[in-house]
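Asks: This is the content of target24.cif (mmCIF, C-alpha atoms):
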```cif
data_model
#
loop_
_atom_site.label_atom_id
_atom_site.label_comp_id
_atom_site.auth_asym_id
_atom_site.auth_seq_id
_atom_site.Cartn_x
_atom_site.Cartn_y
_atom_site.Cartn_z
CA MET A 1 0.00 0.00 0.00
CA SER A 2 2.84 2.40 0.74
CA VAL A 3 4.16 1.92 -2.79
CA LEU A 4 1.07 3.70 -4.09
CA PHE A 5 2.12 6.85 -2.26
CA ILE A 6 5.27 6.93 -4.40
CA ALA A 7 4.17 5.34 -7.66
CA LEU A 8 0.91 7.23 -8.20
CA PRO A 9 2.31 10.77 -7.83
CA THR A 10 5.34 9.82 -9.92
CA ALA A 11 3.12 8.49 -12.71
CA LEU A 12 0.91 11.57 -12.58
CA ILE A 13 3.91 13.90 -12.73
CA LEU A 14 5.45 12.03 -15.68
CA GLY A 15 2.12 11.97 -17.49
CA GLY A 16 1.65 15.69 -16.88
CA LEU A 17 5.13 16.41 -18.22
CA ALA A 18 4.35 14.41 -21.34
CA VAL A 19 1.15 16.38 -21.91
CA VAL A 20 2.95 19.69 -21.37
CA GLY A 21 5.69 18.66 -23.81
CA PHE A 22 3.11 17.69 -26.41
CA VAL A 23 1.20 20.96 -26.03
CA LEU A 24 4.41 22.97 -26.33
CA SER A 25 5.46 21.12 -29.47
CA VAL A 26 2.05 21.67 -31.07
CA ARG A 27 2.09 25.37 -30.22
CA SER A 28 5.60 25.85 -31.61
CA GLY A 29 4.55 24.31 -34.95
CA GLN A 30 6.71 21.19 -34.87
CA LEU A 31 3.79 18.98 -35.94
CA ASP A 32 2.51 21.14 -38.80
CA ASP A 33 4.16 19.40 -41.76
CA LEU A 34 3.51 15.66 -41.66
CA ASP A 35 4.03 14.91 -45.37
CA THR A 36 7.56 16.15 -46.08
CA PRO A 37 9.69 14.14 -43.58
CA PRO A 38 8.74 10.69 -44.94
CA ARG A 39 9.46 11.86 -48.48
CA ARG A 40 12.75 13.45 -47.46
CA VAL A 41 14.08 10.03 -46.44
CA LEU A 42 13.53 8.72 -49.96
CA SER A 43 15.25 11.57 -51.78
CA ASP A 44 18.97 11.37 -52.50
CA ASP A 45 20.77 14.66 -51.92
#
```
Written as structure tokens, that's how I'd like the structure from this file.

Replies:
Amino acid sequence: MSVLFIALPTALILGGLAVVGFVLSVRSGQLDDLDTPPRRVLSDD
């Protein structure tokens, strides 16, 4: 039972950090262009 007092807040904090990171990446425009990166792999520079 005492493990829940450590594991639950840790999981909630890590989940919250993941959500904050996702929101920040969406707001900064990193997920705007989803078509070009897969095609860039196929092109030979």

Asks: Would you work out the distance separating CA of Asp35 (chain A) from CA of Phe22 (chain A), expressed in Å to one decimal?

Replies: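 These two atoms are separated by 19.2 Å.
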
Asks: Any chance you could work out the axis-aligned box around region 15-34 of chain A, listed atoms only, 4 Å on each side, giving centre and edge lengths in Å to one decimal, as AutoDock Vina command-line options?

Replies:
```
--center_x 3.9 --center_y 18.9 --center_z -29.3 --size_x 13.6 --size_y 21.9 --size_z 32.9
```

Asks: Between CA of Leu31 (chain A) and CA of Val19 (chain A), what is the distance in Å, rounded to a tenth?

Replies: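 Taking CA of Leu31 (chain A) and CA of Val19 (chain A), their separation equals 14.5 Å.
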
Asks: Give me, please, the distance in Å between CA of Pro37 (chain A) and CA of Ser25 (chain A), quoted to one decimal.

Replies: 16.3 Å
